[in-house]
Every structure is written in structure tokens, then in C-alpha cells.
$ cat input_33.tsv   # TSV, C-alpha atoms and all ligand atoms
chain	number	residue	atom	x	y	z
A	1	MET	CA	97.17	47.97	24.38
A	2	ALA	CA	98.85	44.76	23.39
A	3	ILE	CA	95.84	42.49	23.13
A	4	THR	CA	94.48	41.91	19.65
A	5	PRO	CA	90.89	42.79	18.75
A	6	LEU	CA	90.35	39.07	18.07
A	7	MET	CA	90.71	37.42	21.47
A	8	PRO	CA	94.09	35.70	21.13
A	9	VAL	CA	93.02	32.15	22.02
A	10	TYR	CA	94.20	30.60	18.74
A	11	PRO	CA	97.76	30.23	17.51
A	12	ARG	CA	96.72	31.57	14.11
A	13	SER	CA	98.93	30.63	11.18
A	14	PRO	CA	100.07	32.98	8.41
A	15	VAL	CA	97.54	31.31	6.09
A	16	ARG	CA	94.80	33.92	5.59
A	17	PRO	CA	92.13	32.51	3.28
A	18	VAL	CA	89.73	34.89	1.58
A	19	ARG	CA	88.19	32.62	-1.08
A	20	GLY	CA	87.57	28.93	-1.67
A	21	GLU	CA	86.78	26.84	-4.70
A	22	GLY	CA	86.29	23.08	-4.49
A	23	VAL	CA	89.27	21.51	-2.75
A	24	TYR	CA	91.34	24.72	-2.86
A	25	LEU	CA	91.62	27.79	-0.66
A	26	TYR	CA	93.13	31.10	-1.76
A	27	GLY	CA	94.96	33.56	0.51
A	28	GLU	CA	94.95	37.35	0.49
A	29	GLY	CA	97.80	37.44	-2.02
A	30	GLY	CA	96.26	34.76	-4.24
A	31	GLU	CA	98.33	31.89	-2.77
A	32	GLN	CA	96.72	28.51	-3.43
A	33	TYR	CA	96.30	25.80	-0.79
A	34	LEU	CA	95.17	22.22	-1.26
A	35	ASP	CA	92.68	21.96	1.60
A	36	PHE	CA	92.88	18.54	3.27
A	37	ALA	CA	91.70	20.07	6.55
A	38	SER	CA	88.20	21.21	5.44
A	39	GLY	CA	87.77	23.66	8.31
A	40	ILE	CA	88.36	20.65	10.59
A	41	ALA	CA	86.03	18.15	8.93
A	42	VAL	CA	83.36	20.78	8.20
A	43	ASN	CA	83.44	21.60	4.48
A	44	ILE	CA	82.50	18.10	3.37
A	45	LEU	CA	81.34	19.36	-0.04
A	46	GLY	CA	84.46	21.51	-0.48
A	47	HIS	CA	84.25	25.28	-0.91
A	48	ASN	CA	81.58	27.12	-2.89
A	49	HIS	CA	79.67	23.96	-3.75
A	50	PRO	CA	77.02	25.20	-6.24
A	51	HIS	CA	74.10	23.31	-4.70
A	52	LEU	CA	74.84	24.40	-1.12
A	53	THR	CA	75.65	27.99	-2.09
A	54	LYS	CA	72.46	28.31	-4.12
A	55	ALA	CA	70.29	26.81	-1.38
A	56	ILE	CA	71.64	29.29	1.17
A	57	GLN	CA	71.26	32.26	-1.20
A	58	GLU	CA	67.68	31.36	-2.06
A	59	GLN	CA	66.66	30.70	1.53
A	60	THR	CA	68.24	33.99	2.66
A	61	ALA	CA	66.01	35.85	0.23
A	62	THR	CA	62.94	33.85	1.28
A	63	LEU	CA	63.06	33.57	5.08
A	64	MET	CA	66.18	33.60	7.21
A	65	HIS	CA	64.98	33.32	10.77
A	66	VAL	CA	61.81	32.92	12.75
A	67	SER	CA	61.35	32.00	16.40
A	68	ASN	CA	60.90	28.44	17.58
A	69	LEU	CA	57.62	29.72	19.00
A	70	TYR	CA	56.16	29.09	15.54
A	71	GLY	CA	55.66	25.94	13.50
A	72	SER	CA	58.69	24.94	11.47
A	73	PRO	CA	58.01	23.20	8.17
A	74	GLN	CA	61.74	23.53	7.41
A	75	GLY	CA	62.79	21.94	10.71
A	76	GLU	CA	60.23	19.16	10.46
A	77	ALA	CA	61.45	18.24	6.99
A	78	LEU	CA	65.14	18.02	7.93
A	79	ALA	CA	64.41	16.22	11.20
A	80	GLN	CA	62.28	13.69	9.31
A	81	ARG	CA	65.11	13.07	6.88
A	82	LEU	CA	67.59	12.44	9.72
A	83	VAL	CA	65.09	10.22	11.52
A	84	ASP	CA	64.52	8.20	8.34
A	85	ALA	CA	68.26	7.67	7.82
A	86	THR	CA	69.32	6.84	11.40
A	87	PHE	CA	68.41	5.05	14.64
A	88	ALA	CA	66.80	8.25	15.91
A	89	ASP	CA	63.12	9.17	16.38
A	90	THR	CA	63.57	12.83	17.24
A	91	VAL	CA	66.03	15.70	16.65
A	92	PHE	CA	66.94	18.96	18.41
A	93	PHE	CA	68.80	21.44	16.17
A	94	THR	CA	71.67	23.61	17.44
A	95	ASN	CA	74.19	26.06	16.00
A	96	SER	CA	77.31	24.16	16.97
A	97	GLY	CA	78.70	20.87	18.16
A	98	VAL	CA	79.03	21.79	21.80
A	99	GLU	CA	75.38	22.84	22.00
A	100	ALA	CA	74.44	19.40	20.69
A	101	ILE	CA	76.58	17.94	23.50
A	102	GLU	CA	74.76	20.09	26.05
A	103	CYS	CA	71.44	18.78	24.75
A	104	ALA	CA	72.71	15.20	24.89
A	105	ILE	CA	73.85	15.56	28.51
A	106	LYS	CA	70.53	17.12	29.49
A	107	THR	CA	68.58	14.43	27.64
A	108	ALA	CA	70.47	11.63	29.45
A	109	ARG	CA	70.02	13.19	32.90
A	110	ARG	CA	66.42	13.97	32.24
A	111	TYR	CA	65.77	10.35	31.17
A	112	HIS	CA	66.67	9.11	34.62
A	113	HIS	CA	64.85	11.99	36.31
A	114	HIS	CA	61.76	11.07	34.31
A	115	HIS	CA	61.99	7.50	35.59
A	116	GLY	CA	62.36	8.61	39.22
A	117	ARG	CA	66.12	8.07	39.47
A	118	PRO	CA	67.53	11.61	39.70
A	119	GLU	CA	70.67	10.28	41.42
A	120	LYS	CA	71.72	8.71	38.11
A	121	ASN	CA	73.34	11.86	36.77
A	122	VAL	CA	77.00	10.99	36.13
A	123	LEU	CA	78.25	10.38	32.60
A	124	ILE	CA	81.35	8.28	32.07
A	125	SER	CA	83.55	9.81	29.38
A	126	PHE	CA	87.01	8.98	28.10
A	127	ARG	CA	90.64	10.05	28.24
A	128	ASN	CA	91.69	12.50	25.51
A	129	ALA	CA	88.06	12.99	24.51
A	130	PHE	CA	87.00	16.20	22.84
A	131	HIS	CA	83.39	17.28	23.18
A	132	GLY	CA	83.75	21.05	22.78
A	133	ARG	CA	84.54	24.04	24.99
A	134	SER	CA	81.50	24.74	27.18
A	135	MET	CA	81.90	24.18	30.93
A	136	ALA	CA	80.03	20.87	30.70
A	137	ALA	CA	82.01	19.70	27.67
A	138	ILE	CA	85.39	20.44	29.24
A	139	SER	CA	84.22	18.71	32.41
A	140	ALA	CA	83.87	15.57	30.30
A	141	THR	CA	87.55	15.42	29.31
A	142	ASP	CA	90.87	15.19	31.13
A	143	GLN	CA	92.93	17.19	28.64
A	144	PRO	CA	94.93	19.68	30.73
A	145	LYS	CA	95.09	22.37	28.01
A	146	MET	CA	91.27	22.52	27.99
A	147	ILE	CA	90.56	22.50	31.70
A	148	GLU	CA	93.45	24.37	33.32
A	149	GLY	CA	92.32	27.59	34.98
A	150	PHE	CA	88.62	26.87	34.58
A	151	ALA	CA	87.94	25.24	37.92
A	152	PRO	CA	85.53	24.41	39.36
A	153	LEU	CA	84.54	22.01	36.61
A	154	LEU	CA	80.98	20.73	36.67
A	155	PRO	CA	80.23	17.64	38.69
A	156	GLY	CA	78.64	14.71	36.94
A	157	PHE	CA	81.51	13.37	34.84
A	158	THR	CA	83.98	10.55	35.36
A	159	VAL	CA	86.83	10.17	32.87
A	160	VAL	CA	88.31	6.70	32.30
A	161	GLU	CA	90.68	5.16	29.75
A	162	PHE	CA	89.41	5.09	26.16
A	163	ASP	CA	88.81	1.75	24.46
A	164	ASN	CA	89.20	-0.14	27.76
A	165	LEU	CA	85.95	-1.95	28.49
A	166	GLU	CA	87.08	-3.19	31.89
A	167	ALA	CA	87.85	0.36	33.03
A	168	ALA	CA	84.47	1.56	31.76
A	169	GLU	CA	82.61	-1.26	33.48
A	170	ALA	CA	84.48	-0.73	36.74
A	171	ALA	CA	83.49	2.95	36.77
A	172	VAL	CA	79.74	2.20	36.68
A	173	ASP	CA	77.95	2.70	40.00
A	174	GLU	CA	74.51	3.70	41.30
A	175	ASN	CA	75.02	7.29	40.08
A	176	THR	CA	75.90	6.42	36.50
A	177	ALA	CA	73.60	7.89	33.85
A	178	GLY	CA	75.46	6.46	30.85
A	179	PHE	CA	78.50	6.82	28.59
A	180	LEU	CA	79.58	9.70	26.37
A	181	VAL	CA	82.01	8.53	23.69
A	182	GLU	CA	83.39	9.38	20.26
A	183	PRO	CA	83.25	6.18	18.16
A	184	VAL	CA	86.35	7.59	16.47
A	185	GLN	CA	88.27	10.06	18.62
A	186	GLY	CA	89.01	13.06	16.40
A	187	GLU	CA	90.91	15.80	18.19
A	188	GLY	CA	92.48	13.12	20.38
A	189	GLY	CA	94.30	11.71	17.34
A	190	ILE	CA	91.96	9.79	14.97
A	191	ARG	CA	91.55	6.75	17.20
A	192	PRO	CA	88.70	4.41	16.22
A	193	ALA	CA	87.26	2.55	19.18
A	194	SER	CA	87.26	-1.23	18.88
A	195	ARG	CA	84.08	-3.10	18.06
A	196	GLU	CA	84.36	-5.04	21.33
A	197	PHE	CA	84.57	-1.81	23.31
A	198	LEU	CA	81.52	-0.11	21.80
A	199	GLN	CA	79.49	-3.31	21.79
A	200	GLY	CA	80.48	-3.82	25.42
A	201	LEU	CA	79.25	-0.33	26.34
A	202	ARG	CA	75.97	-1.09	24.55
A	203	ARG	CA	75.64	-4.32	26.54
A	204	ILE	CA	76.23	-2.52	29.86
A	205	CYS	CA	73.67	0.14	28.95
A	206	ASP	CA	71.08	-2.46	27.98
A	207	ALA	CA	71.63	-4.46	31.16
A	208	GLN	CA	71.44	-1.45	33.51
A	209	ASP	CA	69.12	0.87	31.59
A	210	LEU	CA	71.85	3.49	30.95
A	211	MET	CA	72.17	5.95	28.09
A	212	LEU	CA	74.78	5.39	25.36
A	213	ILE	CA	75.69	8.75	23.80
A	214	PHE	CA	77.82	8.80	20.66
A	215	ASP	CA	79.57	12.03	19.76
A	216	GLU	CA	79.71	11.86	15.96
A	217	ILE	CA	80.35	15.57	15.52
A	218	GLN	CA	83.59	14.86	13.66
A	219	CYS	CA	83.19	11.28	12.40
A	220	GLY	CA	79.52	11.57	11.32
A	221	VAL	CA	77.79	12.65	8.10
A	222	ALA	CA	79.67	10.27	5.75
A	223	ARG	CA	83.18	11.18	6.94
A	224	SER	CA	83.81	7.59	8.09
A	225	GLY	CA	82.56	6.04	4.83
A	226	THR	CA	79.10	5.24	6.20
A	227	PHE	CA	76.45	7.87	6.90
A	228	PHE	CA	77.29	7.53	10.59
A	229	ALA	CA	80.26	5.67	12.05
A	230	TYR	CA	78.09	3.65	14.46
A	231	GLU	CA	76.79	1.66	11.48
A	232	GLN	CA	80.24	0.04	11.21
A	233	PHE	CA	80.16	-1.21	14.80
A	234	GLY	CA	76.95	-3.23	14.63
A	235	ILE	CA	75.15	-1.27	17.35
A	236	GLU	CA	73.06	1.87	17.81
A	237	PRO	CA	73.38	4.63	20.41
A	238	ASP	CA	70.45	6.06	22.38
A	239	ILE	CA	71.56	9.64	21.79
A	240	MET	CA	73.93	11.04	19.16
A	241	THR	CA	75.46	14.47	18.60
A	242	ILE	CA	76.28	15.71	15.12
A	243	ALA	CA	77.54	19.03	13.71
A	244	LYS	CA	80.53	19.96	11.51
A	245	GLY	CA	79.74	18.18	8.20
A	246	ILE	CA	75.95	18.46	8.43
A	247	GLY	CA	76.06	22.19	7.58
A	248	GLY	CA	78.90	21.90	5.06
A	249	GLY	CA	80.26	25.18	6.48
A	250	PHE	CA	77.03	26.70	7.74
A	251	PRO	CA	76.89	26.57	11.58
A	252	LEU	CA	74.54	23.66	12.29
A	253	GLY	CA	74.45	20.87	14.81
A	254	ALA	CA	71.88	18.46	16.18
A	255	CYS	CA	71.17	16.12	19.03
A	256	LEU	CA	69.43	12.94	17.83
A	257	ALA	CA	67.66	10.58	20.21
A	258	SER	CA	65.47	7.53	20.27
A	259	GLU	CA	61.93	8.00	21.55
A	260	LYS	CA	62.87	6.09	24.69
A	261	ALA	CA	65.93	8.27	25.38
A	262	ALA	CA	64.03	11.52	24.86
A	263	ALA	CA	61.29	10.57	27.33
A	264	GLY	CA	62.10	13.48	29.66
A	265	MET	CA	62.53	16.20	27.03
A	266	VAL	CA	59.07	17.67	27.23
A	267	ILE	CA	57.83	21.22	26.58
A	268	GLY	CA	59.93	23.82	28.34
A	269	THR	CA	62.93	21.61	29.13
A	270	HIS	CA	65.25	22.94	26.42
A	271	GLY	CA	65.50	25.63	23.78
A	272	SER	CA	67.57	27.77	21.45
A	273	THR	CA	66.88	31.11	19.78
A	274	TYR	CA	68.58	30.31	16.50
A	275	GLY	CA	68.63	26.50	16.58
A	276	GLY	CA	66.95	25.03	13.50
A	277	ASN	CA	66.12	28.32	11.79
A	278	PRO	CA	65.06	28.16	8.13
A	279	LEU	CA	68.45	29.25	6.80
A	280	ALA	CA	70.29	26.53	8.72
A	281	MET	CA	67.70	23.96	7.63
A	282	ALA	CA	68.21	24.90	3.98
A	283	ALA	CA	71.96	24.33	4.39
A	284	GLY	CA	71.39	20.96	6.05
A	285	GLN	CA	68.96	19.89	3.34
A	286	ALA	CA	71.40	20.84	0.60
A	287	VAL	CA	74.18	18.83	2.25
A	288	LEU	CA	71.92	15.80	2.62
A	289	ASP	CA	70.76	16.13	-1.02
A	290	VAL	CA	74.36	15.34	-1.95
A	291	VAL	CA	75.38	12.96	0.84
A	292	LEU	CA	72.28	10.75	0.58
A	293	GLN	CA	72.71	10.15	-3.15
A	294	PRO	CA	73.21	6.40	-3.53
A	295	GLU	CA	76.72	6.64	-4.99
A	296	PHE	CA	78.08	9.17	-2.49
A	297	LEU	CA	79.14	6.77	0.27
A	298	ASP	CA	80.79	4.49	-2.31
A	299	HIS	CA	82.76	7.48	-3.48
A	300	VAL	CA	83.90	8.31	0.07
A	301	GLN	CA	84.95	4.70	0.67
A	302	ARG	CA	86.79	4.52	-2.65
A	303	MET	CA	88.64	7.79	-2.06
A	304	GLY	CA	89.36	6.75	1.53
A	305	ASP	CA	90.89	3.47	0.35
A	306	ARG	CA	92.94	5.29	-2.30
A	307	LEU	CA	94.23	7.89	0.08
A	308	ARG	CA	95.01	5.41	2.80
A	309	GLY	CA	96.74	3.06	0.34
A	310	ALA	CA	98.82	5.89	-1.10
A	311	LEU	CA	99.82	7.09	2.39
A	312	GLU	CA	100.75	3.57	3.46
A	313	GLN	CA	102.88	3.18	0.36
A	314	MET	CA	104.64	6.45	1.03
A	315	ILE	CA	105.49	5.80	4.69
A	316	PRO	CA	108.47	3.44	4.18
A	317	ASN	CA	110.16	6.13	2.06
A	318	HIS	CA	110.11	8.50	5.02
A	319	ASP	CA	110.15	6.17	7.97
A	320	HIS	CA	112.09	8.67	10.07
A	321	LEU	CA	108.91	10.83	10.05
A	322	PHE	CA	105.87	8.58	9.70
A	323	GLU	CA	104.83	5.54	11.68
A	324	SER	CA	101.40	4.40	10.52
A	325	VAL	CA	98.02	5.41	9.10
A	326	ARG	CA	94.77	4.93	10.98
A	327	GLY	CA	91.13	5.95	10.80
A	328	LEU	CA	88.01	5.23	8.77
A	329	GLY	CA	86.91	6.48	5.34
A	330	LEU	CA	88.19	10.01	4.80
A	331	MET	CA	88.91	10.54	8.48
A	332	LEU	CA	92.57	9.55	8.47
A	333	GLY	CA	95.44	10.13	10.84
A	334	VAL	CA	99.14	9.73	10.17
A	335	LYS	CA	100.90	8.83	13.39
A	336	MET	CA	104.24	10.64	13.36
A	337	LYS	CA	107.61	9.96	14.91
A	338	THR	CA	108.33	13.69	15.19
A	339	ASP	CA	106.18	16.58	16.40
A	340	SER	CA	103.07	16.54	14.19
A	341	ARG	CA	102.32	20.20	14.95
A	342	ALA	CA	105.66	21.40	13.56
A	343	PHE	CA	105.22	19.24	10.46
A	344	VAL	CA	101.67	20.49	9.84
A	345	THR	CA	103.04	24.06	10.05
A	346	TYR	CA	105.74	23.19	7.53
A	347	LEU	CA	103.16	21.72	5.14
A	348	ARG	CA	101.06	24.89	5.43
A	349	ASP	CA	104.03	26.93	4.25
A	350	HIS	CA	104.15	24.62	1.24
A	351	GLY	CA	100.53	24.97	0.18
A	352	LEU	CA	99.13	21.89	1.91
A	353	LEU	CA	96.55	22.11	4.69
A	354	THR	CA	96.16	19.32	7.25
A	355	VAL	CA	95.36	19.45	11.00
A	356	ALA	CA	97.49	18.42	13.96
A	357	GLY	CA	95.84	16.13	16.48
A	358	GLY	CA	96.60	14.52	19.81
A	359	ASP	CA	99.00	11.58	20.16
A	360	ASN	CA	101.37	13.18	17.62
A	361	VAL	CA	99.00	12.61	14.74
A	362	MET	CA	98.56	14.58	11.53
A	363	ARG	CA	94.86	14.59	10.70
A	364	VAL	CA	93.97	14.26	7.02
A	365	LEU	CA	90.37	15.42	6.58
A	366	PRO	CA	89.71	16.37	2.95
A	367	PRO	CA	86.36	17.37	1.52
A	368	LEU	CA	84.41	14.17	0.80
A	369	THR	CA	84.04	15.32	-2.81
A	370	ILE	CA	87.75	14.88	-3.65
A	371	GLU	CA	88.68	13.02	-6.83
A	372	GLU	CA	91.65	10.79	-7.56
A	373	GLN	CA	93.65	13.71	-8.92
A	374	HIS	CA	93.48	15.40	-5.52
A	375	VAL	CA	94.69	12.26	-3.76
A	376	THR	CA	97.62	12.11	-6.19
A	377	GLU	CA	98.40	15.80	-5.75
A	378	PHE	CA	98.23	15.52	-1.97
A	379	VAL	CA	100.52	12.53	-1.70
A	380	GLU	CA	103.01	13.97	-4.21
A	381	LYS	CA	103.23	17.25	-2.33
A	382	LEU	CA	103.39	15.47	1.00
A	383	SER	CA	106.26	13.24	-0.18
A	384	GLU	CA	108.07	16.24	-1.59
A	385	ALA	CA	107.67	18.13	1.69
A	386	ALA	CA	108.76	15.07	3.70
A	387	ARG	CA	111.92	14.80	1.58
A	388	HIS	CA	112.96	18.37	2.41
A	389	TYR	CA	111.70	18.56	5.98
A	390	GLU	CA	114.36	18.99	8.60
A	391	VAL	CA	113.22	17.56	11.91
A	392	PRO	CA	113.53	20.33	14.52
A	393	ALA	CA	116.03	19.62	17.28
A	394	ALA	CA	114.29	18.29	20.38
A	395	ALA	CA	113.50	21.10	22.82
B	1	LIG	C1	84.43	19.80	16.96
B	1	LIG	C2	83.92	18.82	17.94
B	1	LIG	C3	83.07	19.21	18.99
B	1	LIG	C4	82.72	20.66	19.26
B	1	LIG	O1	82.05	21.26	18.19
B	1	LIG	P1	81.91	22.88	18.17
B	1	LIG	O2	81.07	23.12	16.94
B	1	LIG	O3	83.29	23.42	18.06
B	1	LIG	O4	81.25	23.29	19.41
B	1	LIG	C5	82.59	18.24	19.84
B	1	LIG	N1	82.91	16.94	19.67
B	1	LIG	C6	83.71	16.52	18.66
B	1	LIG	C7	83.99	15.06	18.50
B	1	LIG	C8	84.26	17.44	17.77
B	1	LIG	O5	85.08	17.03	16.81

$ encode --input "input_33.tsv" --output "C-alpha cells" --more "lines below"
Ligand SMILES: *Cc1c(COP(=O)(O)O)cnc(C)c1O
Amino acid sequence: MAITPLMPVYPRSPVRPVRGEGVYLYGEGGEQYLDFASGIAVNILGHNHPHLTKAIQEQTATLMHVSNLYGSPQGEALAQRLVDATFADTVFFTNSGVEAIECAIKTARRYHHHHGRPEKNVLISFRNAFHGRSMAAISATDQPKMIEGFAPLLPGFTVVEFDNLEAAEAAVDENTAGFLVEPVQGEGGIRPASREFLQGLRRICDAQDLMLIFDEIQCGVARSGTFFAYEQFGIEPDIMTIAKGIGGGFPLGACLASEKAAAGMVIGTHGSTYGGNPLAMAAGQAVLDVVLQPEFLDHVQRMGDRLRGALEQMIPNHDHLFESVRGLGLMLGVKMKTDSRAFVTYLRDHGLLTVAGGDNVMRVLPPLTIEEQHVTEFVEKLSEAARHYEVPAAA
């Protein structure tokens, strides 16, 4: 047998973390890594954050799981907190990002069904989007590596160019249910949408009674410098998916919706065995205890400005490698002139964790709790690595 016990769908690196503390990860042999990847934008409070760890330990010993057949004081409390802090009026909890996407798609279709327009069941999504790996989520992207070999994809999705309002408008027809869009494309290469684009989508949705779904699974929960990225675009979605940061490392996602958008989601229309169980709710509460402190967003913005400034200063010294920096808050991407994947691998071997992204981008996604010293350490090590890096010969 040649296949590994772990299904070999990931190109796993030689980094094998067994312990984490703050902004650092430690490998099996004690090797230290500065973690500016955060489990891909998940560990927003870093590793082993005392408040989050304690909340999970205490809740485990109190009540871990009960069925959604029973009342949920824990779920009601976290949902209320999210409702109070966002556009939303109601929340469905999930265990992952892609399950939140599934709920969002169902909510949008069901909205039109509820209003007697079942033919309006096609969502317009965008080139290089990433919404997860379920059949519906891969049907909403055009990335070959995600869809090849999985035909037939699900009907009900049309993919058009990202950040092109004309293309989006031209794709709308009598079957359109709405738009599904990342305000800042993450996996696709840290590409913030323009204000005009997102405001234009909002306008189309308002004019034609369509659903605007924002996927903030990567850019949400303070990553962008505001609690949610949509706040920076002067508009609100009808439905929003979140995950990653909201659990701080505990598997937790949610689909948020306005009362209007959730009109069709009545008893029996959706469900989840684990979604919103007391343990997950305790993790979410602990994360929000930290993130909703008044000074937290200021800190993210300040660290984001520092990191971005330092990266921009460094680029001219290595302009054979780096082109530009983009992104919002602590969701940054360094557009590279060479293969970003090979460079990210090289950095890993030198104790620095980042994430490769589409469009030849190196994603820089540190815990939101970093301090200035970590920014300094990161940029020093990055410069050092860039100085010694030998660009691989083109294949
Ligand atoms: C990670 C991600 C997802 C999928 O989340 P999973 O928890 O892996 O299912 C969906 N959308 C975006 C924008 C993401 O970054």
C-alpha cells in the first residue's frame, strides 16, 4: 500500500507543529516558527491564548454538546452579540466556513421561493473566488484545481470577472437570485474589491430585490481592521458568512442574515447536529470578549499600518522579488515577481510561516494580537531570507 493513512490531498510541508505559544509555533524537535499564517487567518488571538483556552476548558467540564432539539442559552447569547454588532438580525451556527456558505446559498434561494419566485435560483459569483470545498462551493468558482474531476458541478451558479461591475450587471437575468462575493478575496490573492463595485452590487440588489451575500470567512472578525470588512465599503449585505477567526482555532462558523433575507428559513428548512453546541459557543464568546474590547480594532489598524509600511519600505531593496503590498488591516498580500509558493516554502525552512495565495501572492496573516516587536522580527527575517533567496530557474 502506497497511500498514506491521511488522505494525501495536501502538499504537507516538513513543518510539524506540536505546540503553540502566542505568535510562535514549535515543531516536534523544538524548532521555533514565527507564525504569520495563523492557521490561514484562524488563530486571531495567537496560540494558547489564556482567555480562550480557559473558556474552552471550563465549558468542556460543564457541558460540551446537546442537541439543537433543546433550548440553547449559549447559542442565544452569542447570536445576540453578533446581531448587536452587525447588520444581521439572525444567525445560524456551523462548524466550518463551507457549511456557512451552504446555509447562505439555501437562505438566498429560499427567499425567492418564499416570495413565489422559485425560478430565481442562480447566484452570480466571481473569478478566482474561494468559498470552500463542498459541491455547491466549488460550483461557485472557476478555479480549475478545485473543480477538475468533480463534474457534474451543481447548477445555479454563474461565474463572472471579479471587481467588474459591468460584467456583474450584464450577467443578471430573470433567474438571478443574487451575488456571492468576498469583499476581499483571500485565497485568490488578497484582492480587496473596489468601493464602486460593492456599492454597485448593492444598488442592483436593491433595484431588483436580489440577495447580496458577503463571504467574510477570511476577511471578517477584525482581520480587516474593522469588525467586518463591509463596514469599510459603506454598505451592508443581506447575508454574510463567517468562520475562521470567530472560533480562534475552535471549529466555528456562522451564517448571518437580515430578517428580510431569512424570510424563508422557517422550522425544518435547515439544521446541523453539532452547529452551535455549547463548547463552540464558549469559544466564540471568548474570542468576542477580546475582539470587542474598544481598543482592539485600533490595535489591529495600528499593527496593520506598521506591517504594511515596513513591507513597503523593504520592497525596493529586493525589487527582483517583490512588486507591491495590498490588502486591509492585518490581511496583507505581497505580490511577487517570482513564484510565491516556492518563496513561502523557503521562508518556512527559515522559521517564518506565511501562506501562498493566487495571483502569485504571499499572504501575510498574523495573529491580530501581534506587537511591534513581532512586526520588526518578521520584516528582519523576511529581508534576510530575501537577500539569500535564489530564484529557481523557470520550469
Ligand atoms: C476558508 C474559506 C472558506 C472555507 O472555509 P472552511 O472552514 O475551510 O470550510 C470559504 N470562504 C472563504 C473566503 C475562505 O477563506

$ closest_residue --input "input_33.tsv" --among "A:Phe150, A:Phe228, A:Phe322, A:Tyr274" --to "A:Asn68" --atoms "only C-alpha atoms"
A:Tyr274

$ residues_near_ligand --input "input_33.tsv" --ligand "ligand LIG 1 (chain B)" --cutoff "6 Å" --atoms "only C-alpha atoms and all ligand atoms" --output "PyMOL selection string"
chain A and resi 96-98+130-132+182+186+215-218

$ closest_residue --input "input_33.tsv" --among "A:Tyr346, A:Phe250, A:Phe87, A:Phe157" --to "A:Ala283" --atoms "all atoms listed in the file"
A:Phe250

$ atom_distance --input "input_33.tsv" --atom1 "atom CA of A:Gly271" --atom2 "atom CA of A:Ser67"
10.6 Å

$ atom_distance --input "input_33.tsv" --atom1 "atom CA of A:Lys106" --atom2 "atom CA of A:Met240"
12.5 Å

$ residues_around --input "input_33.tsv" --residues "A:Arg202" --least-positions-apart "2" --cutoff "12 Å" --atoms "only C-alpha atoms" --output "ChimeraX atom specification"
/A:165,168-169,178-181,195-200,204-214,230,233-239

$ closest_residue --input "input_33.tsv" --among "A:Leu321, A:Leu368, A:Gly351, A:Pro192" --to "A:Gly30" --atoms "only C-alpha atoms"
A:Gly351

$ closest_residue --input "input_33.tsv" --among "A:Ser324, A:Thr376, A:Thr158, A:Asn277" --to "A:Leu78" --atoms "all atoms listed in the file"
A:Asn277

$ residues_around --input "input_33.tsv" --residues "A:Gly304" --least-positions-apart "2" --cutoff "8 Å" --atoms "only C-alpha atoms" --output "list in words"
Gly225, Val300, Gln301, Arg302, Arg306, Leu307, Arg308, Leu328, Gly329, Leu330 and Met331 of chain A

$ build_atoms --input "input_33.tsv" --residues "stretch 193-208 of chain A" --atoms "N, CA and C atoms" --output "mmCIF file, in the coordinates of the input"
data_model
loop_
_atom_site.group_PDB
_atom_site.id
_atom_site.type_symbol
_atom_site.label_atom_id
_atom_site.label_comp_id
_atom_site.auth_asym_id
_atom_site.auth_seq_id
_atom_site.Cartn_x
_atom_site.Cartn_y
_atom_site.Cartn_z
ATOM 1 N N ALA A 193 87.482 3.504 18.090
ATOM 2 C CA ALA A 193 87.260 2.550 19.180
ATOM 3 C C ALA A 193 87.157 1.159 18.581
ATOM 4 N N SER A 194 87.422 0.141 19.382
ATOM 5 C CA SER A 194 87.260 -1.230 18.880
ATOM 6 C C SER A 194 85.776 -1.608 18.938
ATOM 7 N N ARG A 195 85.433 -2.570 18.090
ATOM 8 C CA ARG A 195 84.080 -3.100 18.060
ATOM 9 C C ARG A 195 83.681 -3.669 19.418
ATOM 10 N N GLU A 196 84.631 -4.398 20.027
ATOM 11 C CA GLU A 196 84.360 -5.040 21.330
ATOM 12 C C GLU A 196 84.029 -3.974 22.383
ATOM 13 N N PHE A 197 84.762 -2.877 22.340
ATOM 14 C CA PHE A 197 84.570 -1.810 23.310
ATOM 15 C C PHE A 197 83.174 -1.204 23.193
ATOM 16 N N LEU A 198 82.814 -0.778 21.975
ATOM 17 C CA LEU A 198 81.520 -0.110 21.800
ATOM 18 C C LEU A 198 80.370 -1.088 22.018
ATOM 19 N N GLN A 199 80.539 -2.319 21.561
ATOM 20 C CA GLN A 199 79.490 -3.310 21.790
ATOM 21 C C GLN A 199 79.366 -3.624 23.285
ATOM 22 N N GLY A 200 80.494 -3.600 23.973
ATOM 23 C CA GLY A 200 80.480 -3.820 25.420
ATOM 24 C C GLY A 200 79.739 -2.711 26.145
ATOM 25 N N LEU A 201 79.971 -1.454 25.723
ATOM 26 C CA LEU A 201 79.250 -0.330 26.340
ATOM 27 C C LEU A 201 77.745 -0.478 26.096
ATOM 28 N N ARG A 202 77.396 -0.882 24.882
ATOM 29 C CA ARG A 202 75.970 -1.090 24.550
ATOM 30 C C ARG A 202 75.364 -2.141 25.483
ATOM 31 N N ARG A 203 76.118 -3.224 25.695
ATOM 32 C CA ARG A 203 75.640 -4.320 26.540
ATOM 33 C C ARG A 203 75.399 -3.830 27.980
ATOM 34 N N ILE A 204 76.368 -3.055 28.491
ATOM 35 C CA ILE A 204 76.230 -2.520 29.860
ATOM 36 C C ILE A 204 74.989 -1.623 29.957
ATOM 37 N N CYS A 205 74.816 -0.777 28.938
ATOM 38 C CA CYS A 205 73.670 0.140 28.950
ATOM 39 C C CYS A 205 72.354 -0.627 28.894
ATOM 40 N N ASP A 206 72.309 -1.665 28.074
ATOM 41 C CA ASP A 206 71.080 -2.460 27.980
ATOM 42 C C ASP A 206 70.781 -3.153 29.309
ATOM 43 N N ALA A 207 71.820 -3.696 29.923
ATOM 44 C CA ALA A 207 71.630 -4.460 31.160
ATOM 45 C C ALA A 207 71.190 -3.567 32.319
ATOM 46 N N GLN A 208 71.691 -2.299 32.341
ATOM 47 C CA GLN A 208 71.440 -1.450 33.510
ATOM 48 C C GLN A 208 70.580 -0.235 33.188
#
